[in-house]
Every structure is written in structure tokens, then in C-alpha cells.
Amino acid sequence: MKVIKSIFRRIARSRRDRLNNARAQGTFSFTSLELLEGRTLLSVNVTPAEQEVLELMNMMRADPAAHLDFLLNSSDPNVQNGIDDVDVNLLRTQWASLTPQPPLAWNETLNIVADNHNQAMINANIQSHNVPGEGGFRERFNNAGYSPFTFIGENVFTRARSPLHAHAAFAVDWGAGPGGIQSPPGHRNSMMSVGAPFREVGIRYEAANGSNTNPFVISEDFGSGNNLKAQLLGVAYNDANQDGRYNAGEQLAGVNVTVKQGNTVIANDVTSAAGNYQISMDAGNYTVEFSGGPMGGMVTKQVTIQTNVNAKVDALRSEALLPDPSRTFPSGLSNGAAYDASGNLHIAYHDTSD
């Protein structure tokens, strides 16, 4: 079985001996100097496949127990092939120690780190955290501009079959080790911020055709930035296959995102080509509105943001209130009724005529 690899270090610790390729190498821990002032709107360079990986990761962080059932019951044959070699009872025992975590935000500098490392692995046709000529682990983050840092981490896999397969491989952490699980489960620990307070991530997922790097190569690079504000993040999507989660291809790009306190607009953003948005926020209670573009109608959500704690608010096309002037209305009703995507009437405005 192809081994996936993770790395973890604390600055104050001396460099550990590298573990062999059959085991996880831990996870590094450091931080990004993308300090966000005010309510900064982040330029997010993420593909739909990478967004799917991030969504799966944050799905796991939000409810670890439910996510394990999701993985174990997956109909994806590649996921099941990996799980078939795992002691599920041991996996459940390990998994029980996981606790819910705030969502990870996207970081562009970490995405550069991941992209550079993917290219190095593809060019060398190997899976490693240390590709010859690439520079050391810390050096890679420093060179990309993610410095100074407190914690950094990395997961890599060069034999991914799909975003879900890559995610499951990291989460289950299948490989050489007791019960078919890498020991320690460094990939899973990085994703769940076990031993390192990771708050942001960059992901690069791309096709390759090397003998050791195919069909997809993925690098996930984690960090904990100094004095980072809370990030309000999420996706707008159409759950076309009705599986209850975001899949690449379901994204809604060009949706307006408006954050309000009362009637005061605090921030505006527009969802990217991958359907995501991200805004740096102060603590408080907010209303988040999604409208325009492919959303068609309005989705309104409420969110409470705590100081320096990320929060996630998504919008589904099926939640939108859609004006439908083609409907016929009873006498005395204006043509301002709103229906959801299932055709249910939500609002009707009465005429003032006698």
C-alpha cells in the first residue's frame, strides 16, 4: 500500500530523526505572516477539487464522530479498499479522542508552499517532505513568505484517486502500523489540530502521470498565524447529487455575500470560481446574506463570531427564496410571493386594494 506522509514539528524542539516511509512523520507547527487587518477580503486561489478537500476537512473538524461514520459507509470503492486493510475497532477507539474544532481558513501563502512542493515531487517522481534540491522543511515555508511562524504542518500523498480518496487516506491514516493505521496518526492529527493549534491551510491537488506520482498528487500545508483575526468563511453551492455536502462541480461562483449588523453593512464579498468566500471579522453577532448570480434568490443566515475563532456559514441553492412571477396568485395578493427551490411558498404580500 502506498504510504501517505505527514510532518509535524515545534520550533523549540530539536530536529527528530526522520521516520521511515512506512510511517507518518508527525506534523510541523509554525505560523503565517498574512496578518489580516480590519475586515480584509481575501483573494482565494483555490480550485473546486481543492475546495472539496477543504470542505471535507472542515466537515470532519465540525463533527468527528459523524464523519467517521460517513467515511466507513462511503460507497467510493477506493475509500473502501483503503479501509478494508484497517482494524476498524482500533480506528474507532482512536477516533473517540477527537473533539470538534473550528474550521480551517484558506491561506494563499500556504497554498504557494503546497504548490511548490507538489511540483518538486512531480518533477522528482517521488513522495517526500524533503525533495533533493528543494530546501529544508522550514526553508520552504520561509521562502514562500510564511514567516515568522509558531506551528507548521504538512500532509502529502502522490497516489490519490479523488478528493474524497485523498481526504480519507489522511483521515483514516491507513498504512504500515498497528491495525493498518500509521503510528502516530500524524495526518489525522494535523487535520484535527492535535498537538498544534492549526488555524489555516493551503492545499494543492493536481493531476500527474509519473510512475510514483499518479493520478493525482496532493499537498496540504498547515499553519497557525500570529494574531490572526477570526475568518468568516464558507461556500455557496447546489447540492446536485443530494449527498449533503459540497462536491467539485456543484460550486456557485459570483454569488454576493453581504455581512450585516442590524441594517449596517459590515462587509461584502463575491464567491470565487470554486464557490467560496472568506472575510476577516471582529467578534460579534452578524447576519450573512447570499444573493444574486446563480443563487437566484436570497439565503439569510445568522452567525456569532468569537474573538480569533474562525466560523463557517454556507448557502445552498435549495435554501434560496426565489421570486417567481410566473405563478398565479389568488385575488388580493401581489406578484411578490417567494418560493424556495422545492416550490414551497414562503412569503406573499397582500395588496392594499379593497
# chains A, B, ... in the order shown; residues from 1 in each chain; ligands from 1

call {"tool": "select_by_dssp", "arguments": {"residues": "segment 37-267 of chain A", "states": "strand (DSSP E)", "output": "PyMOL selection string"}}
result
chain A and resi 105-106+151-160+200-207+216-223+230-237+256-261+264-267

call {"tool": "closest_residue", "arguments": {"among": "A:Ala273, A:Met192, A:Ala65, A:Ala168", "to": "Val235 of chain A", "atoms": "only C-alpha atoms"}}
result
A:Ala273

call {"tool": "atom_distance", "arguments": {"atom1": "atom CA of Val217 of chain A", "atom2": "atom CA of Val156 of chain A"}}
result
7.7 Å

call {"tool": "residues_around", "arguments": {"residues": "Pro215 of chain A", "least_positions_apart": "5", "cutoff": "7 Å", "atoms": "only C-alpha atoms", "output": "list in words"}}
result
Arg159, Ala160, Arg161, Ala207, Ala208 and Asn209 of chain A

call {"tool": "residues_around", "arguments": {"residues": "segment 69-86 of chain A", "least_positions_apart": "6", "cutoff": "6 Å", "atoms": "only C-alpha atoms", "output": "list of chain:residue names"}}
result
A:His165, A:Gly179, A:Gly180

call {"tool": "atom_distance", "arguments": {"atom1": "atom CA of Arg188 of chain A", "atom2": "atom CA of Met60 of chain A"}}
result
10.0 Å

call {"tool": "closest_residue", "arguments": {"among": "A:Ser193, A:Asn212, A:Ser318, A:Asn241", "to": "Gly297 of chain A", "atoms": "only C-alpha atoms"}}
result
A:Ser318

call {"tool": "atom_distance", "arguments": {"atom1": "atom CA of Asn89 of chain A", "atom2": "atom CA of Val53 of chain A"}}
result
25.6 Å

call {"tool": "decode", "arguments": {"residues": "segment 149-175 of chain A", "atoms": "N, CA, C and O atoms", "output": "CSV table (one decimal), in the first residue's frame"}}
result
chain,number,residue,atom,x,y,z
A,149,PHE,N,6.9,31.9,12.1
A,149,PHE,CA,5.8,31.0,12.4
A,149,PHE,C,6.0,30.3,13.8
A,149,PHE,O,7.1,30.3,14.3
A,150,THR,N,4.9,29.8,14.3
A,150,THR,CA,4.9,29.1,15.5
A,150,THR,C,4.7,27.6,15.2
A,150,THR,O,5.4,26.8,15.8
A,151,PHE,N,3.7,27.3,14.4
A,151,PHE,CA,3.5,25.9,14.0
A,151,PHE,C,3.3,25.8,12.5
A,151,PHE,O,2.6,26.7,11.9
A,152,ILE,N,3.8,24.8,11.9
A,152,ILE,CA,3.5,24.5,10.5
A,152,ILE,C,3.4,23.0,10.4
A,152,ILE,O,3.9,22.2,11.3
A,153,GLY,N,2.7,22.5,9.4
A,153,GLY,CA,2.5,21.1,9.2
A,153,GLY,C,2.2,20.7,7.8
A,153,GLY,O,1.9,21.6,7.0
A,154,GLU,N,2.4,19.5,7.4
A,154,GLU,CA,2.2,19.1,6.0
A,154,GLU,C,1.8,17.7,5.9
A,154,GLU,O,2.3,16.8,6.6
A,155,ASN,N,0.8,17.4,5.0
A,155,ASN,CA,0.4,16.1,4.6
A,155,ASN,C,0.7,16.0,3.1
A,155,ASN,O,0.3,16.9,2.4
A,156,VAL,N,1.2,14.8,2.6
A,156,VAL,CA,1.4,14.6,1.2
A,156,VAL,C,1.0,13.2,0.8
A,156,VAL,O,1.1,12.3,1.6
A,157,PHE,N,0.5,13.1,-0.4
A,157,PHE,CA,0.1,11.8,-0.9
A,157,PHE,C,0.2,11.9,-2.5
A,157,PHE,O,-0.4,12.8,-3.1
A,158,THR,N,0.9,11.0,-3.1
A,158,THR,CA,1.1,11.1,-4.5
A,158,THR,C,0.3,10.0,-5.3
A,158,THR,O,0.6,9.8,-6.5
A,159,ARG,N,-0.6,9.3,-4.7
A,159,ARG,CA,-1.4,8.3,-5.4
A,159,ARG,C,-2.9,8.5,-5.2
A,159,ARG,O,-3.6,7.5,-5.1
A,160,ALA,N,-3.3,9.7,-5.0
A,160,ALA,CA,-4.7,10.0,-4.8
A,160,ALA,C,-5.5,9.7,-6.0
A,160,ALA,O,-5.1,9.9,-7.1
A,161,ARG,N,-6.7,9.2,-5.8
A,161,ARG,CA,-7.7,8.9,-6.9
A,161,ARG,C,-8.8,9.9,-7.0
A,161,ARG,O,-9.4,10.1,-8.1
A,162,SER,N,-9.0,10.7,-6.0
A,162,SER,CA,-10.1,11.7,-6.0
A,162,SER,C,-9.9,12.5,-4.7
A,162,SER,O,-9.2,12.1,-3.8
A,163,PRO,N,-10.6,13.7,-4.7
A,163,PRO,CA,-10.5,14.5,-3.4
A,163,PRO,C,-11.0,13.7,-2.2
A,163,PRO,O,-10.4,13.7,-1.1
A,164,LEU,N,-12.1,12.9,-2.3
A,164,LEU,CA,-12.5,12.1,-1.2
A,164,LEU,C,-11.5,11.0,-0.8
A,164,LEU,O,-11.3,10.8,0.3
A,165,HIS,N,-10.9,10.4,-1.8
A,165,HIS,CA,-9.9,9.3,-1.5
A,165,HIS,C,-8.7,9.9,-0.8
A,165,HIS,O,-8.2,9.3,0.2
A,166,ALA,N,-8.3,11.1,-1.3
A,166,ALA,CA,-7.1,11.7,-0.6
A,166,ALA,C,-7.5,12.1,0.8
A,166,ALA,O,-6.7,11.8,1.8
A,167,HIS,N,-8.7,12.6,1.0
A,167,HIS,CA,-9.1,13.0,2.4
A,167,HIS,C,-9.2,11.8,3.3
A,167,HIS,O,-8.7,11.8,4.4
A,168,ALA,N,-9.8,10.7,2.8
A,168,ALA,CA,-10.0,9.5,3.6
A,168,ALA,C,-8.6,8.9,4.0
A,168,ALA,O,-8.4,8.4,5.1
A,169,ALA,N,-7.7,8.9,3.0
A,169,ALA,CA,-6.4,8.4,3.3
A,169,ALA,C,-5.7,9.1,4.5
A,169,ALA,O,-5.1,8.5,5.4
A,170,PHE,N,-5.8,10.5,4.5
A,170,PHE,CA,-5.2,11.2,5.5
A,170,PHE,C,-6.0,11.0,6.8
A,170,PHE,O,-5.4,10.9,7.9
A,171,ALA,N,-7.3,11.0,6.8
A,171,ALA,CA,-8.2,11.0,8.0
A,171,ALA,C,-8.0,9.6,8.7
A,171,ALA,O,-7.8,9.6,9.9
A,172,VAL,N,-8.2,8.6,7.9
A,172,VAL,CA,-8.1,7.2,8.5
A,172,VAL,C,-6.6,7.0,8.8
A,172,VAL,O,-6.3,6.3,9.8
A,173,ASP,N,-5.7,7.5,8.0
A,173,ASP,CA,-4.3,7.4,8.2
A,173,ASP,C,-3.8,5.9,8.0
A,173,ASP,O,-3.0,5.4,8.7
A,174,TRP,N,-4.4,5.3,6.9
A,174,TRP,CA,-4.1,3.9,6.6
A,174,TRP,C,-2.6,3.8,6.2
A,174,TRP,O,-2.1,4.7,5.6
A,175,GLY,N,-2.0,2.7,6.5
A,175,GLY,CA,-0.6,2.5,6.1
A,175,GLY,C,0.0,1.5,7.0
A,175,GLY,O,-0.6,0.7,7.8
